[in-house]
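A short worksheet on the structure shown next.
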Amino acid sequence: MADDFRSTDDLVSGKDALDEDKLCNRLHDRYNSNIIYTYVGDILIAVNPYEALPLYTSDLAAKYCSISSKADLPPHLYAIAVGAYNAMMRNYQPQVTVISGESGAGKTESTKHFMRQIMTASSFRNGGSDDGPREFHPVELKIIQTNPILEAFGNAQTVMNDNSSRFGKFIELKFNSLGLVMGASLSHYLLEKARVVQQGTGERNYHIFELLLAGANCASVRLTGIDNFKYVKNRRTDIDQLKVEYEEVIDALKKVGFSDTEIVEIQQTLAAILLIGNFEFQDTSSDTAQIVNTADLENAAANLGVDSEKLRVGFMTKRLDVVGQSIIQELNVKDVQYSRDAVSKALYDRLFSWLVTRLDLMLCPTSIRSERTLTIGMLDIFGFEDFKTNGFDQMCINMANERLHFFFNQHIFASEIAEYKAEGIEGAENVFFEDNGAILDLFFGKLSMTAVLDEETNFPGATDDTFLQKIKSQLKDQPALEVKPGGISFLIKHYAGPIEYQIAGMIEKNKDPLPNQMAPNMAESTNAVAHLLFQPNYIELTRAAANDEPDEEGSDLKRKKSKKKSKREKKKKGPPTVGYQFRTSLSQLMVEMNRCIPHFVRCIKPNLNKAPKNFVGELVKKQLKYTGMLQTIQMRREGFPVRLDWHELLQRYQGIIFPFSSNFGDSKHHAIQLMKGAQEKQEEIRKKLKQTARVTTLDGWKPANSKMFLKYWHPDVLDTLLRPFDTAIVKIQAAARRFIAQCRYLPIRQRYRDQMALVANFLMDVRSNSSSLFGNLETLIAEEKQRGPKSLGLLAQVSAKEEAKAVKKMKKEADKIVKEAAKKVDPKKAQARAQKDLSKKQKVAAAWWTKYEAKRRAHLDDNGEIFAWFHGLISRKEAETFLYDEEEGTFLVRVSERANGYALSVKYGDRVNHYKITHSSNGGYFVMGSNDDFGDLEDLGTASIDNTVSVTSYSHVNFTVKFYYENDVSEFGDRLKEPLYMEHDLGLDIGMSNVKGVEAGKVSYSSVLAHLHILPLMGFVHACARKDDDDDEANQEPLERSDYLETPTVTPFWLRDSMSREEAEKELIERGQVDGRFLVRERSRTKTSITFAISYSHQRKFYHHLLIKKKGKKFTLNKRPLKYNYLEECVRKFQELQYPGFAARLEADPPSASQLSKVQGHLKKAEKVAGKKKNKKGKGNKGGKGGNTSPVLPERKYRK
């Protein structure tokens, strides 16, 4: 059925003339079909249905976020919200939406739906999904949580609305440059304070008082009898529902950040207001007032946290300053009654302002307030009020509506007509609108109604009669004012119609003084909220507390400011009145709104009974008339609400026709070309899509003197033409952001891996060193067992004197070690000192060998050549490194660096055993712990050659003894099988390690095999190899990734493509140049081979080694054969130890995600176990199994 009314979606688009009756009938027809929204150009009319309609689903919200034109879907509040959001993002200008209408027209609900749709538009723009309901944004959730609080404290039942907002609310959403919601601000205007102490017929006090009496523990706030309070005469009877609503308010207060203590103090303050309203007084003989019900006084004072006498003095006396002296004067009954109500109104008003300030601080932290943001404001303010009896409050409310109507007229009519004349545009002269400038002069002019009222309010002895006389004499020339006969009221001709106001009580309601004795008597209040509310600068103090400003300095500053202000106030006729404060805040609001682009939503009340499906034509017609809808329709039909200068038009839309990079400046010619081209382009689209609505065209634009004048729908059409470019831009931006993110992520990931590698490196060192230490201890124990007690000197007889001397020396050395350990050690200095000490010992060992052993030629054979098993002066650690990757039984003989002698190092299982070789008494050599004496070192090692080779092949070796070839070196069962062939500096100034028959410094494996007479046995193999090398590569299978990588589909993180040496060193510098940090880069490639270079850093220097892999063969390192087929195997080996020829051990790989999760699991398990043990009294951490539990580290699979 809604499709039948699409032609009337926009009352401006039709060409038939409209009058009030036709306009009302069209709205009536749409309303009866549950179509409550109608466009008047870019203005939305919303008729309150007074029932729930399926108009606010998540699916509809998503649809309106993606429309290209408002004509695509029926009119909706969602379209206005999305339009405001898109305008903010397109023009980077603040927006404001004025949601106006009479009380009960649906302004508050419209504001809620409007705000939610803006949140949806923000989510939709920034990648939110349109599938299913959207989750609440945190800021939106906070705003929703404020609603129960604001409605409870700021809403009340009136004659026209059961839940009428008795204050103006301005919510401003704040967005960043991407359109994401960052926060919100909340302001309020003109709370109706008089309602606290007096309500009209059929009206009630603020909801919170009824909720307090129904839901709170009345005894705790000293309230007895829920029906005995003068301020709450008319009450609801649904107590159970009141209790539920009360709990909702308390829950909302907790969610937005109020503490339990503050909530209790708020309840006590509200209870104190109710109790104060029950105060009754009687005259005394001295014409002063005396309170009758002292019990209520004591209960109210207890709630406010002061002594009852201080509260009594606070509102029943006044201080007079006479000639520098202060006189305290008791008040009479009439003055006390006025003072009582003044305290109640001021206390509630300040409580409400404090609540709103706290909510504002919660919605928008100080850090966001200081940032430059885009904003969308929403004004929800009371509509025109015309009751049977209208007073000061209704005049202020209607005065605000006059100001808002003037704001509407300025943007819709006055400013447009003025600009048409300035730019030479014809066609708008026939539009007439009702200007309310005269009424604003009556309220805001220099000689105005409010000025006269303020003057009378601050004049002692002024009465209603004197106020009336001044109105007659000073405002007699105001055309909008008419004093009614009888002198009790006056009539103001508002744009919504004439309204009569009662003069009685206006002066009293315009006063806003607290009794001057209240603040000093409340200074010692123990109720922190009440104590704050009686401070003159309580709002500033609240904001300062939220900003963590120093209390003393801040309060002193505020006091100074307040004192200066009070001095200025003394120069005036009196304190600021309620009307003055309201006009000031209203002016501030208009300043904020005038800097924004406005959007208007006119809410219409269809009947006075709040009944669904009840459309009272006369009531609606009256509202349409005073809102100027007929004139608005005419203006939107004939006018041009969008006016852009040439530069702005080209800057926004030139991409539709011209390149985006073009710069036309203020070219009128190009602006006209742009509109013509865009119009032709749009016509093609309309024909293709068969669009007929007027709002899909681009006709009707006019070029003026300096601007292009556009119809209200033209920007939507132009934006639709730009949408494909917007989509392309988003895709380009996404690709660019992805690229930038990758560029930022890769170094971060590399740093993370490097850090994890350092951790893994440390753990590997701990594991390796502990394993090495354990092996060394086992070897030492074995050596000591072999040497026996006698060799260790344990059987020698020692005198008591020598024993005491040895003990003293030992203690001295122990004390020295303890002192050294207590000092703070610099690792670098300690390492340098240890290296220096080792160098000294090595020099001593080298000097000993050169002086004594070199002459004996024990390391040379009969031909003067160095034995293959002799490896000169190397350390125990170096020997273990050399033998690490060798077969069991591989051995070497070395010169000990710490003692004058030799050492035999043998690979046995997973470790290396070391045996000391010393001189025998007859000048020969023997292994410590053995009784077998050998005349030469050769006798220890030559017989160890593998027996798979014929003994006759070793004719150059003296095989007189085959002892350690046939017998175990120790009880472990280790035997010598093959010497270690390794080329390195012997450290004895005699060249490189060697084998028999090879000149020193020129060791090669072929020479080793030749001298062992093995080469002839391998002749066939070498011949075949040479033949394979000579084959044409074209006849061989090409080398594939699976030939040199364990997992061809996964590239190790340390492997790089072709990279130069300089690039590799640059990357290592960027990654921190840690010792052992490395990468592997591809150096060259042929069809059947590939060469890698391992680049690593050590001690601020760079080293590079070549790894070569040929098809069907194992890797070679610097031309030395390795035992590994895959690159990962080689790298793991170089990470496990400092490989011979490397300056340092390569840094370990970072642990994988699974290993990290395993560690975390162990840590959590350990913490859980530790926590359980800690909870067991008397059983935690008492040694044995109850000690600390260390987390199990991830097991690293070392290659054996």
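Letters A, B, ... go to the chains of the structure tokens in the order shown; residues in each chain start at 1; ligands are counted from 1 in the same order.
DSSP, applied to the backbone of this structure, assigns strand (DSSP E) to the following residues of region 754-956 of chain A: Phe870, His871, Gly872, Leu873, Thr890, Phe891, Leu892, Val893, Arg894, Val895, Tyr902, Ala903, Leu904, Ser905, Val906, Lys907, Tyr908, Arg911, Val912, Asn913, His914, Tyr915, Lys916, Ile917, Thr918, His919, Tyr925, Phe926 and Val927 of chain A.
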I'd like the neighbourhood of Arg30 (chain A) as an MDAnalysis selection string, where a residue qualifies if any of its atoms comes within 12 Å (using only C-alpha atoms), though same-chain residues fewer than 3 positions away should be ignored. chainID A and resid 1:11 23:27 33:39 45:47 49 74:75 613 615
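Shortest atom-to-atom contact with Tyr908 (chain A) among A:Phe972, A:Phe762, A:Trp354, A:Phe934: A:Phe972, counting only C-alpha atoms.
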To test your reading of the structure, identify every residue in region 816-859 of chain A that backbone DSSP assigns to helix (DSSP H, G or I), and report it as an NGL selection string. :A and (816-822 or 827-856)
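Distances from A:Glu330, A:Glu500, A:Asp885, A:Asp974 to Glu385 (chain A) were compared using only C-alpha atoms, and the smallest one belongs to A:Glu500.
Near Asp699 (chain A), within 10 Å and counting only C-alpha atoms, sit Met675, Lys676, Gln679, Glu680, Gln682, Glu683, Arg694, Val695, Thr696, Thr697, Trp701, Lys702, Leu710, Lys711 and His714 of chain A; same-chain residues fewer than 2 positions away were not included.
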Need to verify the contact set: Leu442 (chain A), 9 Å, only C-alpha atoms, exclusion of same-chain residues closer than 4 positions in sequence. Can you return it as a PyMOL selection string? chain A and resi 437-438+446-450+475+478-481
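Interatomic distance, CA of Lys107 (chain A) against CA of Asp380 (chain A): 6.3 Å.
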Quick one, how far is CA of Glu865 (chain A) from CA of Leu937 (chain A)? 13.9 Å
Considering only C-alpha atoms, return as a PyMOL selection string whatever protein or nucleic-acid residues lie within 8 Å of region 290-300 of chain A, sequence-local ones (same chain, fewer than 3 positions apart) excluded. chain A and resi 222+271-273+275-276+278-284+303-304+307-308+311-312+333
Distance of CA of Tyr64 (chain A) from CA of Lys605 (chain A), expressed in Å to one decimal place: 25.4 Å
Residue contacts of Thr389 (chain A) (12 Å, only C-alpha atoms) excluding same-chain residues fewer than 2 positions away, as a PyMOL selection string: chain A and resi 159+199-201+385-387+391-395+488-490+499-505
Serialized selection, N, CA, C and O atoms, as a PDB file, in the first residue's frame:
```
ATOM      1  N   VAL A 159      -0.372  18.177  31.299  1.00  0.00           N
ATOM      2  CA  VAL A 159      -1.728  17.988  30.787  1.00  0.00           C
ATOM      3  C   VAL A 159      -1.692  17.319  29.420  1.00  0.00           C
ATOM      4  O   VAL A 159      -2.547  16.501  29.079  1.00  0.00           O
ATOM      5  N   GLN A 199       2.708  22.219  41.310  1.00  0.00           N
ATOM      6  CA  GLN A 199       2.274  21.665  40.034  1.00  0.00           C
ATOM      7  C   GLN A 199       0.839  22.105  39.765  1.00  0.00           C
ATOM      8  O   GLN A 199       0.039  22.274  40.685  1.00  0.00           O
ATOM      9  N   GLY A 200       0.537  22.264  38.460  1.00  0.00           N
ATOM     10  CA  GLY A 200      -0.799  22.672  38.069  1.00  0.00           C
ATOM     11  C   GLY A 200      -1.784  21.516  38.165  1.00  0.00           C
ATOM     12  O   GLY A 200      -1.430  20.363  38.443  1.00  0.00           O
ATOM     13  N   THR A 201      -3.018  21.826  37.891  1.00  0.00           N
ATOM     14  CA  THR A 201      -4.082  20.814  37.950  1.00  0.00           C
ATOM     15  C   THR A 201      -3.834  19.743  36.888  1.00  0.00           C
ATOM     16  O   THR A 201      -3.604  20.046  35.721  1.00  0.00           O
ATOM     17  N   GLU A 385       3.875  25.876  24.402  1.00  0.00           N
ATOM     18  CA  GLU A 385       2.941  25.472  25.442  1.00  0.00           C
ATOM     19  C   GLU A 385       1.903  26.570  25.633  1.00  0.00           C
ATOM     20  O   GLU A 385       2.242  27.761  25.739  1.00  0.00           O
ATOM     21  N   ASP A 386       0.659  26.133  25.647  1.00  0.00           N
ATOM     22  CA  ASP A 386      -0.457  27.056  25.866  1.00  0.00           C
ATOM     23  C   ASP A 386      -1.471  26.338  26.756  1.00  0.00           C
ATOM     24  O   ASP A 386      -2.289  25.555  26.282  1.00  0.00           O
ATOM     25  N   PHE A 387      -1.356  26.571  28.072  1.00  0.00           N
ATOM     26  CA  PHE A 387      -2.246  25.941  29.031  1.00  0.00           C
ATOM     27  C   PHE A 387      -3.380  26.914  29.394  1.00  0.00           C
ATOM     28  O   PHE A 387      -3.433  28.058  28.936  1.00  0.00           O
ATOM     29  N   GLY A 391       2.334  30.971  32.831  1.00  0.00           N
ATOM     30  CA  GLY A 391       3.110  31.886  33.644  1.00  0.00           C
ATOM     31  C   GLY A 391       4.511  32.082  33.115  1.00  0.00           C
ATOM     32  O   GLY A 391       4.789  31.979  31.911  1.00  0.00           O
ATOM     33  N   PHE A 392       5.410  32.325  34.052  1.00  0.00           N
ATOM     34  CA  PHE A 392       6.800  32.637  33.697  1.00  0.00           C
ATOM     35  C   PHE A 392       7.456  31.478  32.941  1.00  0.00           C
ATOM     36  O   PHE A 392       8.171  31.691  31.955  1.00  0.00           O
ATOM     37  N   ASP A 393       7.230  30.237  33.386  1.00  0.00           N
ATOM     38  CA  ASP A 393       7.879  29.090  32.745  1.00  0.00           C
ATOM     39  C   ASP A 393       7.440  28.943  31.299  1.00  0.00           C
ATOM     40  O   ASP A 393       8.263  28.684  30.400  1.00  0.00           O
ATOM     41  N   GLN A 394       6.130  29.085  31.044  1.00  0.00           N
ATOM     42  CA  GLN A 394       5.635  28.960  29.674  1.00  0.00           C
ATOM     43  C   GLN A 394       6.185  30.093  28.795  1.00  0.00           C
ATOM     44  O   GLN A 394       6.471  29.890  27.612  1.00  0.00           O
ATOM     45  N   MET A 395       6.349  31.272  29.371  1.00  0.00           N
ATOM     46  CA  MET A 395       6.884  32.387  28.594  1.00  0.00           C
ATOM     47  C   MET A 395       8.330  32.103  28.162  1.00  0.00           C
ATOM     48  O   MET A 395       8.715  32.392  27.025  1.00  0.00           O
ATOM     49  N   ILE A 488      -4.414  41.694  35.128  1.00  0.00           N
ATOM     50  CA  ILE A 488      -3.855  40.467  35.708  1.00  0.00           C
ATOM     51  C   ILE A 488      -3.106  39.619  34.685  1.00  0.00           C
ATOM     52  O   ILE A 488      -2.478  38.625  35.043  1.00  0.00           O
ATOM     53  N   SER A 489      -3.147  40.021  33.424  1.00  0.00           N
ATOM     54  CA  SER A 489      -2.482  39.217  32.401  1.00  0.00           C
ATOM     55  C   SER A 489      -2.170  40.074  31.187  1.00  0.00           C
ATOM     56  O   SER A 489      -2.671  41.195  31.051  1.00  0.00           O
ATOM     57  N   PHE A 490      -1.329  39.552  30.324  1.00  0.00           N
ATOM     58  CA  PHE A 490      -1.018  40.199  29.048  1.00  0.00           C
ATOM     59  C   PHE A 490      -0.956  39.120  27.977  1.00  0.00           C
ATOM     60  O   PHE A 490      -0.726  37.937  28.259  1.00  0.00           O
ATOM     61  N   ILE A 499      -1.011  33.911  22.939  1.00  0.00           N
ATOM     62  CA  ILE A 499      -1.004  33.196  24.213  1.00  0.00           C
ATOM     63  C   ILE A 499      -1.083  34.225  25.331  1.00  0.00           C
ATOM     64  O   ILE A 499      -0.353  35.225  25.330  1.00  0.00           O
ATOM     65  N   GLU A 500      -1.940  33.947  26.299  1.00  0.00           N
ATOM     66  CA  GLU A 500      -2.155  34.853  27.422  1.00  0.00           C
ATOM     67  C   GLU A 500      -1.352  34.367  28.625  1.00  0.00           C
ATOM     68  O   GLU A 500      -1.384  33.189  28.976  1.00  0.00           O
ATOM     69  N   TYR A 501      -0.629  35.307  29.266  1.00  0.00           N
ATOM     70  CA  TYR A 501       0.230  34.981  30.407  1.00  0.00           C
ATOM     71  C   TYR A 501      -0.264  35.730  31.642  1.00  0.00           C
ATOM     72  O   TYR A 501      -0.610  36.935  31.573  1.00  0.00           O
ATOM     73  N   GLN A 502      -0.269  35.031  32.784  1.00  0.00           N
ATOM     74  CA  GLN A 502      -0.670  35.624  34.058  1.00  0.00           C
ATOM     75  C   GLN A 502       0.517  36.375  34.660  1.00  0.00           C
ATOM     76  O   GLN A 502       1.642  35.865  34.706  1.00  0.00           O
ATOM     77  N   ILE A 503       0.257  37.572  35.135  1.00  0.00           N
ATOM     78  CA  ILE A 503       1.332  38.388  35.722  1.00  0.00           C
ATOM     79  C   ILE A 503       1.696  37.889  37.113  1.00  0.00           C
ATOM     80  O   ILE A 503       2.864  37.927  37.506  1.00  0.00           O
ATOM     81  N   ALA A 504       0.741  37.368  37.823  1.00  0.00           N
ATOM     82  CA  ALA A 504       0.968  36.957  39.214  1.00  0.00           C
ATOM     83  C   ALA A 504       2.074  35.899  39.299  1.00  0.00           C
ATOM     84  O   ALA A 504       2.045  34.895  38.593  1.00  0.00           O
ATOM     85  N   GLY A 505       3.056  36.132  40.162  1.00  0.00           N
ATOM     86  CA  GLY A 505       4.119  35.169  40.416  1.00  0.00           C
ATOM     87  C   GLY A 505       5.306  35.268  39.490  1.00  0.00           C
ATOM     88  O   GLY A 505       6.309  34.553  39.687  1.00  0.00           O
TER      89      GLY A 505
END
```
Would you pick out the contacts of region 721-735 of chain A at 8 Å or less, using only C-alpha atoms, so that residues sharing its chain but fewer than 3 positions from it are not included, and give the list as an mmCIF file with C-alpha atoms, in the first residue's frame?
```cif
data_model
loop_
_atom_site.group_PDB
_atom_site.id
_atom_site.type_symbol
_atom_site.label_atom_id
_atom_site.label_comp_id
_atom_site.auth_asym_id
_atom_site.auth_seq_id
_atom_site.Cartn_x
_atom_site.Cartn_y
_atom_site.Cartn_z
ATOM 1 C CA TYR A 653 32.268 17.484 -8.277
ATOM 2 C CA GLY A 655 35.640 14.403 -11.166
ATOM 3 C CA ILE A 656 32.246 13.660 -12.727
ATOM 4 C CA ALA A 678 26.609 15.984 -15.263
ATOM 5 C CA GLN A 682 22.288 11.724 -15.279
ATOM 6 C CA VAL A 717 22.225 13.413 -7.520
ATOM 7 C CA LEU A 718 25.758 14.756 -7.898
ATOM 8 C CA ARG A 738 47.430 -2.824 3.118
ATOM 9 C CA PHE A 739 50.778 -2.132 1.487
#
```
